[in-house]
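Colleague: If it helps, the file is called work-v2.cif and holds mmCIF, C-alpha atoms and all ligand atoms:
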data_run
#
loop_
_atom_site.label_atom_id
_atom_site.label_comp_id
_atom_site.auth_asym_id
_atom_site.auth_seq_id
_atom_site.Cartn_x
_atom_site.Cartn_y
_atom_site.Cartn_z
CA MET E 13 0.00 0.00 0.00
CA ASP E 14 1.03 3.64 -0.35
CA VAL E 15 2.49 5.06 2.87
CA LEU E 16 3.30 8.72 3.44
CA MET E 17 6.01 9.82 5.86
CA PRO E 18 5.62 13.55 6.64
CA MET E 19 9.06 13.97 8.28
CA PRO E 20 12.33 12.00 8.18
CA MET E 21 12.40 8.99 10.52
CA PRO E 22 15.13 6.49 11.57
CA ASP E 23 16.69 4.48 8.72
CA LEU E 24 15.25 1.22 10.05
CA ILE E 25 11.73 2.64 9.58
CA VAL E 26 12.41 4.26 6.21
CA ASN E 27 14.12 1.17 4.79
CA GLY E 28 11.69 -1.26 6.47
CA ILE E 29 8.64 0.45 5.00
CA ALA E 30 10.29 0.94 1.60
CA ALA E 31 11.01 -2.82 1.48
CA SER E 32 7.36 -3.85 1.74
CA GLN E 33 5.25 -0.76 0.87
CA LYS E 34 5.33 2.14 -1.57
CA LEU E 35 6.89 4.87 0.58
CA HIS E 36 6.40 8.57 -0.17
CA ARG E 37 8.86 10.91 1.58
CA MET E 38 6.76 14.05 1.98
CA TRP E 39 9.67 16.34 2.89
CA ASP E 40 11.29 15.55 -0.49
CA MET E 41 8.12 16.17 -2.55
CA SER E 42 6.71 19.26 -4.26
CA PRO E 43 3.11 20.35 -3.51
CA ALA E 44 2.10 19.01 -6.95
CA GLU E 45 3.71 15.62 -6.25
CA ILE E 46 1.96 15.43 -2.86
CA ALA E 47 -1.39 16.30 -4.46
CA ALA E 48 -0.89 13.57 -7.08
CA VAL E 49 -0.36 10.78 -4.53
CA THR E 50 -2.88 12.01 -1.92
CA PRO E 51 -5.79 9.77 -3.13
CA GLN E 52 -3.55 6.67 -2.99
CA ILE E 53 -2.29 7.15 0.58
CA ARG E 54 -3.58 4.39 2.90
CA GLY E 55 -0.96 4.64 5.64
CA LEU E 56 0.97 7.32 7.52
CA ALA E 57 4.23 6.79 9.42
CA VAL E 58 4.68 9.53 12.03
CA GLY E 59 6.50 10.40 15.24
CA PHE E 60 6.43 12.70 18.26
CA GLY E 61 7.76 16.18 17.41
CA HIS E 62 6.55 15.94 13.81
CA VAL E 63 3.59 17.87 12.37
CA PRO E 64 0.48 17.38 14.56
CA ILE E 65 -1.53 14.50 13.10
CA ASN E 66 -4.87 16.19 13.69
CA ALA E 67 -8.27 16.03 11.97
CA GLU E 68 -7.23 18.61 9.40
CA PHE E 69 -4.10 16.64 8.43
CA MET E 70 -5.70 13.17 8.36
CA SER E 71 -8.78 14.34 6.44
CA ARG E 72 -6.52 15.42 3.56
CA PHE E 73 -6.21 11.70 2.69
CA PRO E 74 -9.62 10.30 1.65
CA ASN E 75 -8.43 6.68 1.58
CA LEU E 76 -6.36 6.72 4.77
CA GLU E 77 -6.70 3.54 6.86
CA ILE E 78 -3.85 3.47 9.39
CA VAL E 79 -1.50 5.83 11.23
CA SER E 80 1.57 4.00 12.54
CA SER E 81 3.25 6.13 15.20
CA PHE E 82 6.79 5.83 16.60
CA GLY E 83 6.72 5.91 20.42
CA VAL E 84 4.26 4.70 23.03
CA GLY E 85 2.93 8.21 23.70
CA TYR E 86 0.68 9.39 20.87
CA ASP E 87 -0.52 12.78 22.09
CA HIS E 88 0.60 14.21 18.71
CA VAL E 89 -2.14 12.14 16.99
CA ASP E 90 -5.85 12.92 17.36
CA ALA E 91 -6.69 9.28 18.03
CA LYS E 92 -10.27 10.07 19.11
CA TRP E 93 -10.96 11.66 15.72
CA ALA E 94 -9.24 8.74 13.97
CA GLY E 95 -11.34 6.21 15.91
CA ALA E 96 -14.54 8.09 15.15
CA HIS E 97 -13.65 8.03 11.44
CA GLY E 98 -12.84 4.31 11.24
CA LEU E 99 -9.06 4.74 11.14
CA ILE E 100 -6.52 2.67 13.06
CA VAL E 101 -3.74 4.30 15.08
CA THR E 102 -0.87 2.14 16.32
CA ASN E 103 1.93 2.98 18.79
CA THR E 104 4.98 1.12 20.14
CA PRO E 105 4.14 -0.09 23.68
CA ASP E 106 6.05 -2.50 25.96
CA VAL E 107 9.29 -2.78 23.93
CA LEU E 108 10.57 0.37 25.69
CA ASN E 109 9.34 -0.23 29.26
CA GLU E 110 12.65 -1.37 30.74
CA GLU E 111 14.73 1.30 28.96
CA VAL E 112 12.51 4.17 30.07
CA ALA E 113 12.36 2.79 33.62
CA ASP E 114 16.19 2.58 33.68
CA THR E 115 16.39 6.20 32.50
CA ALA E 116 13.84 7.33 35.09
CA MET E 117 15.82 5.77 37.93
CA GLY E 118 19.07 7.14 36.45
CA LEU E 119 17.56 10.62 36.32
CA LEU E 120 16.39 10.29 39.92
CA LEU E 121 19.85 9.21 41.10
CA CYS E 122 21.53 11.97 39.06
CA THR E 123 19.18 14.52 40.58
CA ILE E 124 19.31 13.52 44.23
CA ARG E 125 23.05 12.74 44.33
CA GLN E 126 24.00 15.57 41.90
CA LEU E 127 25.98 13.14 39.73
CA PRO E 128 26.25 15.33 36.57
CA GLN E 129 27.50 18.16 38.82
CA ALA E 130 30.04 15.75 40.38
CA ASP E 131 31.30 14.87 36.88
CA ARG E 132 31.64 18.60 36.10
CA HIS E 133 33.57 19.04 39.39
CA VAL E 134 36.24 16.61 38.13
CA ARG E 135 36.41 17.92 34.57
CA SER E 136 36.64 21.58 35.59
CA GLY E 137 39.60 20.94 37.90
CA ALA E 138 37.53 22.05 40.92
CA TRP E 139 38.43 18.79 42.70
CA LEU E 140 42.05 20.02 42.94
CA LYS E 141 40.75 22.89 45.06
CA GLY E 142 38.32 20.92 47.23
CA SER E 143 35.97 17.98 47.64
CA PHE E 144 32.57 17.90 46.01
CA PRO E 145 29.89 19.00 48.54
CA LEU E 146 27.86 16.32 50.30
CA THR E 147 24.46 15.73 48.72
CA THR E 148 20.94 14.74 49.69
CA THR E 149 20.02 11.04 49.74
CA LEU E 150 17.55 8.49 48.45
CA ARG E 151 17.44 6.84 51.86
CA ASP E 152 14.10 6.73 53.72
CA ARG E 153 12.14 8.25 50.86
CA THR E 154 8.73 7.43 49.41
CA MET E 155 8.07 7.58 45.66
CA GLY E 156 4.65 8.63 44.39
CA ILE E 157 4.16 7.35 40.86
CA VAL E 158 1.77 9.39 38.74
CA GLY E 159 0.67 6.89 36.08
CA LEU E 160 1.27 3.33 37.29
CA GLY E 161 0.99 1.82 33.81
CA ARG E 162 3.42 -0.36 31.85
CA ILE E 163 6.44 1.91 32.43
CA GLY E 164 5.27 3.06 35.87
CA LYS E 165 5.25 -0.56 37.06
CA ALA E 166 8.76 -1.16 35.66
CA ILE E 167 9.91 1.93 37.60
CA ALA E 168 8.13 0.71 40.75
CA SER E 169 9.91 -2.67 40.70
CA ARG E 170 13.27 -0.91 40.38
CA ALA E 171 12.42 1.61 43.09
CA GLU E 172 11.46 -1.22 45.47
CA THR E 173 14.89 -2.81 45.08
CA PHE E 174 16.39 0.60 45.95
CA GLY E 175 14.45 0.38 49.24
CA LEU E 176 11.87 3.06 48.41
CA LYS E 177 8.29 2.90 49.59
CA ILE E 178 5.78 3.32 46.73
CA ALA E 179 2.36 4.94 46.37
CA TYR E 180 0.49 5.91 43.19
CA HIS E 181 -2.15 8.07 41.55
CA GLY E 182 -4.19 7.41 38.42
CA ARG E 183 -7.78 7.87 37.39
CA SER E 184 -8.72 4.67 39.17
CA LYS E 185 -7.45 2.25 41.81
CA GLN E 186 -5.95 -0.88 40.24
CA ASP E 187 -6.94 -4.41 41.28
CA ASN E 188 -3.99 -6.62 42.26
CA VAL E 189 -1.76 -3.63 43.11
CA SER E 190 -0.83 -3.46 46.78
CA TYR E 191 0.77 0.02 46.77
CA PRO E 192 -1.37 2.69 48.48
CA TYR E 193 -3.64 4.47 45.98
CA TYR E 194 -4.40 8.19 46.14
CA ALA E 195 -7.45 9.38 44.20
CA SER E 196 -6.18 12.95 44.66
CA LEU E 197 -2.87 13.94 43.05
CA THR E 198 -2.36 16.66 45.67
CA ASP E 199 -2.87 14.14 48.49
CA LEU E 200 -0.30 11.83 46.86
CA ALA E 201 2.18 14.73 46.58
CA ALA E 202 1.69 15.53 50.28
CA ALA E 203 2.28 11.90 51.26
CA VAL E 204 5.57 11.38 49.35
CA ASP E 205 8.89 13.16 48.80
CA ILE E 206 9.58 11.96 45.23
CA LEU E 207 6.94 12.51 42.55
CA MET E 208 7.69 10.30 39.51
CA VAL E 209 5.53 11.40 36.57
CA ILE E 210 4.98 8.83 33.80
CA MET E 211 1.45 9.31 32.43
CA PRO E 212 0.30 10.20 28.89
CA GLY E 213 0.40 13.78 27.58
CA GLY E 214 -2.45 15.53 25.77
CA ALA E 215 -5.38 17.76 26.71
CA GLU E 216 -6.60 15.56 29.58
CA THR E 217 -3.34 15.72 31.54
CA LYS E 218 -2.21 19.25 30.57
CA GLY E 219 -0.75 21.11 33.57
CA LEU E 220 -1.82 18.48 36.14
CA ILE E 221 1.45 18.99 38.02
CA ASN E 222 0.57 22.53 39.07
CA ALA E 223 1.39 24.98 41.87
CA PRO E 224 -0.82 23.30 44.53
CA VAL E 225 0.69 19.87 43.73
CA LEU E 226 4.23 21.27 43.97
CA ALA E 227 3.38 23.08 47.23
CA ALA E 228 2.06 19.78 48.62
CA LEU E 229 5.28 17.99 47.56
CA GLY E 230 7.10 20.43 49.81
CA PRO E 231 10.65 21.70 50.45
CA ASN E 232 12.14 18.18 50.68
CA GLY E 233 10.37 17.09 47.49
CA ILE E 234 11.83 15.98 44.16
CA LEU E 235 9.93 16.08 40.88
CA ILE E 236 11.00 13.66 38.14
CA ASN E 237 9.20 14.05 34.79
CA VAL E 238 9.73 11.37 32.14
CA ALA E 239 6.18 11.69 30.74
CA ARG E 240 5.54 14.76 28.57
CA GLY E 241 6.46 18.41 29.19
CA SER E 242 2.78 19.33 28.87
CA VAL E 243 1.77 17.51 32.07
CA VAL E 244 3.74 20.05 34.16
CA ASP E 245 2.79 23.71 34.54
CA GLU E 246 6.33 24.85 33.63
CA PRO E 247 6.08 28.46 34.96
CA ALA E 248 4.72 27.08 38.25
CA LEU E 249 7.61 24.60 38.42
CA ILE E 250 10.18 27.33 37.74
CA LYS E 251 8.67 29.47 40.52
CA ALA E 252 8.58 26.52 42.96
CA LEU E 253 12.26 25.77 42.23
CA GLN E 254 13.35 29.41 42.45
CA GLU E 255 11.49 29.92 45.72
CA LYS E 256 12.71 26.55 47.09
CA GLN E 257 9.14 25.32 47.58
CA ILE E 258 10.53 21.99 46.33
CA LEU E 259 14.07 20.67 46.69
CA THR E 260 14.93 19.86 43.08
CA ALA E 261 13.77 18.38 39.78
CA GLY E 262 14.94 15.97 37.09
CA LEU E 263 13.34 16.59 33.70
CA ASP E 264 13.58 14.50 30.52
CA VAL E 265 10.76 16.34 28.72
CA PHE E 266 9.72 19.98 28.23
CA VAL E 267 6.68 21.90 26.99
CA ASP E 268 8.38 23.32 23.88
CA GLU E 269 11.28 20.88 23.47
CA PRO E 270 13.99 21.06 22.27
CA ARG E 271 13.66 24.65 23.48
CA VAL E 272 14.16 24.71 27.27
CA PRO E 273 13.28 27.82 29.32
CA GLN E 274 16.37 29.87 30.22
CA ALA E 275 15.22 29.91 33.86
CA LEU E 276 15.63 26.11 34.00
CA LEU E 277 19.00 26.22 32.19
CA ASP E 278 20.18 28.78 34.74
CA MET E 279 19.54 26.51 37.75
CA ASP E 280 22.55 24.34 38.51
CA HIS E 281 20.88 22.20 41.17
CA ILE E 282 18.39 20.54 38.78
CA VAL E 283 19.15 17.91 36.12
CA LEU E 284 17.98 18.17 32.51
CA PHE E 285 17.98 15.35 29.92
CA PRO E 286 17.20 15.83 26.18
CA HIS E 287 14.18 13.43 25.99
CA VAL E 288 16.29 10.26 26.07
CA GLY E 289 13.95 7.94 28.00
CA SER E 290 13.96 5.25 25.31
CA ALA E 291 17.03 6.44 23.43
CA SER E 292 19.28 3.38 23.20
CA GLN E 293 19.97 1.83 19.80
CA HIS E 294 18.51 -1.49 20.99
CA THR E 295 15.21 -0.03 22.13
CA ARG E 296 14.77 2.50 19.34
CA ASP E 297 15.35 -0.37 16.85
CA ALA E 298 12.63 -2.44 18.54
CA MET E 299 10.24 0.54 18.43
CA ALA E 300 11.12 1.20 14.76
CA GLN E 301 10.48 -2.44 13.82
CA LEU E 302 7.04 -2.23 15.41
CA VAL E 303 6.19 0.85 13.31
CA VAL E 304 7.12 -1.13 10.17
CA ASP E 305 5.41 -4.37 11.31
CA ASN E 306 2.13 -2.62 12.11
CA LEU E 307 1.92 -1.26 8.56
CA LYS E 308 2.95 -4.58 7.01
CA SER E 309 0.48 -6.60 9.08
CA TRP E 310 -2.33 -4.18 8.24
CA ASP E 311 -1.51 -4.30 4.52
CA GLU E 312 -1.24 -8.10 4.39
CA ALA E 313 -3.94 -9.20 6.84
CA LYS E 314 -5.84 -6.10 8.03
CA VAL E 315 -4.59 -6.87 11.55
CA PRO E 316 -2.87 -4.05 13.46
CA LEU E 317 -0.38 -5.42 16.00
CA THR E 318 -0.61 -2.66 18.62
CA PRO E 319 -3.70 -0.47 18.08
CA VAL E 320 -4.31 2.29 20.65
CA ALA E 321 -7.40 2.18 22.89
CA GLU E 322 -9.29 4.90 20.97
CA THR E 323 -9.13 2.86 17.76
CA ILE E 324 -9.93 -0.62 19.02
CA TRP E 325 -9.83 -2.90 16.03
CA LYS E 326 -12.69 -5.33 15.53
CA ALA E 327 -12.03 -8.45 13.47
P1 LIG O 401 0.28 3.24 30.02
O1 LIG O 401 0.66 1.82 30.23
O2 LIG O 401 -0.93 3.55 29.22
O3 LIG O 401 0.16 3.92 31.45
C1 LIG O 401 -0.32 5.21 31.62
C2 LIG O 401 -0.74 5.40 33.08
O4 LIG O 401 -1.17 6.74 33.25
C3 LIG O 401 -1.87 4.48 33.51
O5 LIG O 401 -1.52 3.91 34.74
C4 LIG O 401 -3.07 5.41 33.67
O6 LIG O 401 -3.84 4.98 34.78
C5 LIG O 401 -2.42 6.76 33.95
N1 LIG O 401 -3.22 7.86 33.46
C6 LIG O 401 -3.75 8.02 32.22
N2 LIG O 401 -4.45 9.16 32.15
C7 LIG O 401 -4.36 9.73 33.36
C8 LIG O 401 -4.89 10.92 33.92
N3 LIG O 401 -5.68 11.76 33.20
N4 LIG O 401 -4.61 11.22 35.21
C9 LIG O 401 -3.85 10.38 35.94
N5 LIG O 401 -3.32 9.24 35.47
C10 LIG O 401 -3.57 8.92 34.19
O7 LIG O 401 1.45 4.05 29.31
P2 LIG O 401 3.02 3.76 29.34
O8 LIG O 401 3.37 2.81 28.26
O9 LIG O 401 3.45 3.43 30.73
O10 LIG O 401 3.58 5.22 28.91
C11 LIG O 401 3.25 6.35 29.67
C12 LIG O 401 3.70 7.64 29.01
O11 LIG O 401 5.09 7.81 29.19
C13 LIG O 401 3.52 7.73 27.50
O12 LIG O 401 2.19 8.08 27.14
C14 LIG O 401 4.52 8.80 27.11
O13 LIG O 401 3.93 10.08 27.09
C15 LIG O 401 5.57 8.73 28.22
N6 LIG O 401 6.87 8.23 27.70
C16 LIG O 401 7.96 9.04 27.73
C17 LIG O 401 9.18 8.56 27.26
C18 LIG O 401 10.42 9.41 27.30
O14 LIG O 401 11.30 9.20 26.48
N7 LIG O 401 10.56 10.34 28.23
C19 LIG O 401 9.29 7.27 26.74
C20 LIG O 401 8.15 6.49 26.72
C21 LIG O 401 6.94 6.97 27.21
P3 LIG O 401 -5.46 5.16 34.80
O15 LIG O 401 -5.95 4.61 33.50
O16 LIG O 401 -5.90 4.41 36.01
O17 LIG O 401 -5.67 6.63 34.94
C1 LIG O 402 10.45 8.62 22.00
C2 LIG O 402 8.60 8.67 23.77
O1 LIG O 402 11.49 9.52 22.24
O2 LIG O 402 7.66 6.55 23.37
C3 LIG O 402 7.46 7.72 23.71
O3 LIG O 402 6.33 8.14 24.02
O4 LIG O 402 8.46 9.76 24.21
C4 LIG O 402 9.95 8.24 23.35
O5 LIG O 402 10.14 6.88 23.47
C5 LIG O 402 9.61 9.26 20.97
O6 LIG O 402 8.29 8.93 20.95
C6 LIG O 402 10.19 8.95 19.60
O7 LIG O 402 10.62 10.11 19.03
#
Mind converting the file's structure to structure tokens?
Modeller:
Amino acid sequence: MDVLMPMPMPDLIVNGIAASQKLHRMWDMSPAEIAAVTPQIRGLAVGFGHVPINAEFMSRFPNLEIVSSFGVGYDHVDAKWAGAHGLIVTNTPDVLNEEVADTAMGLLLCTIRQLPQADRHVRSGAWLKGSFPLTTTLRDRTMGIVGLGRIGKAIASRAETFGLKIAYHGRSKQDNVSYPYYASLTDLAAAVDILMVIMPGGAETKGLINAPVLAALGPNGILINVARGSVVDEPALIKALQEKQILTAGLDVFVDEPRVPQALLDMDHIVLFPHVGSASQHTRDAMAQLVVDNLKSWDEAKVPLTPVAETIWKA
């Protein structure tokens, strides 16, 4: 089938799709060329940080059947609209759980023990003038996980082996989960001193980590965000950090990434990662293969491998 890729993607995806489908590289095409292939397009291959795959974009393609998205989070795709219009959206769940959980724990350790700053202390020669200052500790802390899903559970199992107590918040209490559940995010923040955010982005979760939540987390509190920048009210976070309402933060994602507010760049006690939660070759290859396989399976058998909840596929 004809598949359109709006923006460049990893080679494994480009070559994988080109091997089994007719791939159209939109960024290399003139408006006239795009118009000529538009009626033939049945699949889109897209990723986070590309053009928004909204109603306006998808409705340009009258014969569109499937949107195969790179990444487990698909807040850049209007999946509700797609579902309502009989389209399938697929994402890349599970294959990245362990990698993202490793990164989340790494970011937490970097943040609480100031490990990037310690590295800079050696490289700058500052060690020759004095020892690196003592840091805060992970000992005797409780982690509140906001979004105890596939990745949240992988983080929880790691955190338990680090000796942390766990609690969680989500829209509903989960059966067969023994960690304390908090229906209120603010109550969870008040009960813990690490808030680990790993829920989906999008309109429903926009700004959920706001000033009252940060105030409840308190002056000994640490915010780790490996979800989406949009889930945090960034100005409120900057104010809370500047006014020491919370201790520190470790951030892998930002509202307008890759642009990061200067106020965050200026704070040396926080740790900033460039959205690298899943960014190992091994895991990105597994995610890329799933993007390709979803399109191939749909084309050959009309069976999507990993459809998202809004576009449940019925045989
Ligand atoms: P998942 O299995 O669907 O888990 C999502 C969790 O969030 C669920 O426990 C869900 O619980 C909770 N949740 C959903 N909506 C919520 C809301 N409005 N308020 C509170 N909790 C809510 O997803 P996953 O595979 O673990 O991935 C989670 C997210 O991580 C992705 O969507 C993506 O944005 C982000 N991510 C980031 C990176 C990175 O590189 N930094 C990498 C991968 C993923 P309930 O249904 O009970 O509410
Ligand atoms: C990727 C992610 O960086 O899976 C997700 O939701 O945020 C990351 O794994 C991204 O989606 C691919 O660019």
Colleague: Taking only C-alpha atoms and all ligand atoms into account, list the residues no farther than 7 Å from ligand LIG 401 (chain O), as an mmCIF file with C-alpha atoms, in the coordinates of the input.
Modeller:
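Heads up, here's the output in pocket-v2.cif:
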data_model
loop_
_atom_site.group_PDB
_atom_site.id
_atom_site.type_symbol
_atom_site.label_atom_id
_atom_site.label_comp_id
_atom_site.auth_asym_id
_atom_site.auth_seq_id
_atom_site.Cartn_x
_atom_site.Cartn_y
_atom_site.Cartn_z
ATOM 1 C CA GLY E 83 6.720 5.910 20.420
ATOM 2 C CA VAL E 84 4.260 4.700 23.030
ATOM 3 C CA GLY E 85 2.930 8.210 23.700
ATOM 4 C CA TYR E 86 0.680 9.390 20.870
ATOM 5 C CA PRO E 105 4.140 -0.090 23.680
ATOM 6 C CA ASP E 106 6.050 -2.500 25.960
ATOM 7 C CA LEU E 108 10.570 0.370 25.690
ATOM 8 C CA ASN E 109 9.340 -0.230 29.260
ATOM 9 C CA VAL E 112 12.510 4.170 30.070
ATOM 10 C CA VAL E 158 1.770 9.390 38.740
ATOM 11 C CA GLY E 159 0.670 6.890 36.080
ATOM 12 C CA LEU E 160 1.270 3.330 37.290
ATOM 13 C CA GLY E 161 0.990 1.820 33.810
ATOM 14 C CA ARG E 162 3.420 -0.360 31.850
ATOM 15 C CA ILE E 163 6.440 1.910 32.430
ATOM 16 C CA GLY E 164 5.270 3.060 35.870
ATOM 17 C CA HIS E 181 -2.150 8.070 41.550
ATOM 18 C CA GLY E 182 -4.190 7.410 38.420
ATOM 19 C CA ARG E 183 -7.780 7.870 37.390
ATOM 20 C CA SER E 184 -8.720 4.670 39.170
ATOM 21 C CA LYS E 185 -7.450 2.250 41.810
ATOM 22 C CA GLN E 186 -5.950 -0.880 40.240
ATOM 23 C CA ILE E 210 4.980 8.830 33.800
ATOM 24 C CA MET E 211 1.450 9.310 32.430
ATOM 25 C CA PRO E 212 0.300 10.200 28.890
ATOM 26 C CA GLY E 213 0.400 13.780 27.580
ATOM 27 C CA GLU E 216 -6.600 15.560 29.580
ATOM 28 C CA THR E 217 -3.340 15.720 31.540
ATOM 29 C CA VAL E 238 9.730 11.370 32.140
ATOM 30 C CA ALA E 239 6.180 11.690 30.740
ATOM 31 C CA ARG E 240 5.540 14.760 28.570
ATOM 32 C CA ASP E 264 13.580 14.500 30.520
ATOM 33 C CA VAL E 265 10.760 16.340 28.720
ATOM 34 C CA HIS E 287 14.180 13.430 25.990
ATOM 35 C CA VAL E 288 16.290 10.260 26.070
ATOM 36 C CA GLY E 289 13.950 7.940 28.000
ATOM 37 C CA SER E 290 13.960 5.250 25.310
#
Colleague: Using all atoms listed in the file, can you tell me which of E:Ala171, E:Ala57, E:Ala202, E:Leu35 comes closest to E:Gly118?
Modeller: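 Ranked by minimum distance to E:Gly118, first place goes to E:Ala171.
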Colleague: Leaving out E:Thr154 and any residue of its chain fewer than 5 positions from it, which residues lie within 7 Å of it when counting all atoms listed in the file, given as a ChimeraX atom specification?
Modeller: /E:176-178,204-206
Colleague: The selected residues should be written to file as a PDB file, in the frame of the given file (atoms: C-alpha atoms).
Modeller:
ATOM      1  CA  LEU E 176      11.870   3.060  48.410  1.00  0.00           C
ATOM      2  CA  LYS E 177       8.290   2.900  49.590  1.00  0.00           C
ATOM      3  CA  ILE E 178       5.780   3.320  46.730  1.00  0.00           C
ATOM      4  CA  VAL E 204       5.570  11.380  49.350  1.00  0.00           C
ATOM      5  CA  ASP E 205       8.890  13.160  48.800  1.00  0.00           C
ATOM      6  CA  ILE E 206       9.580  11.960  45.230  1.00  0.00           C
TER       7      ILE E 206
END
Colleague: Any chance you could work out the axis-aligned box around stretch 62-81 of chain E, listed atoms only, 4 Å on each side, giving centre and edge lengths in Å to one decimal, as lines of an AutoDock Vina configuration file?
Modeller:
center_x = -1.5
center_y = 11.0
center_z = 8.4
size_x = 24.2
size_y = 23.1
size_z = 21.6
Colleague: In terms of the shortest atom-to-atom distance over only C-alpha atoms and all ligand atoms, which of E:Ser136, E:Asn237, E:Thr104, E:Thr50 is closest to ligand LIG 402 (chain O)?
Modeller: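 Distance minimum relative to ligand LIG 402 (chain O) lands on E:Thr104.
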Colleague: Between E:Gly137, E:Gly98, E:Gly233, E:Gly55, which has the minimum distance to E:Val79 (counting only C-alpha atoms)?
Modeller: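 Of the candidates, the smallest distance to E:Val79 is held by E:Gly55.
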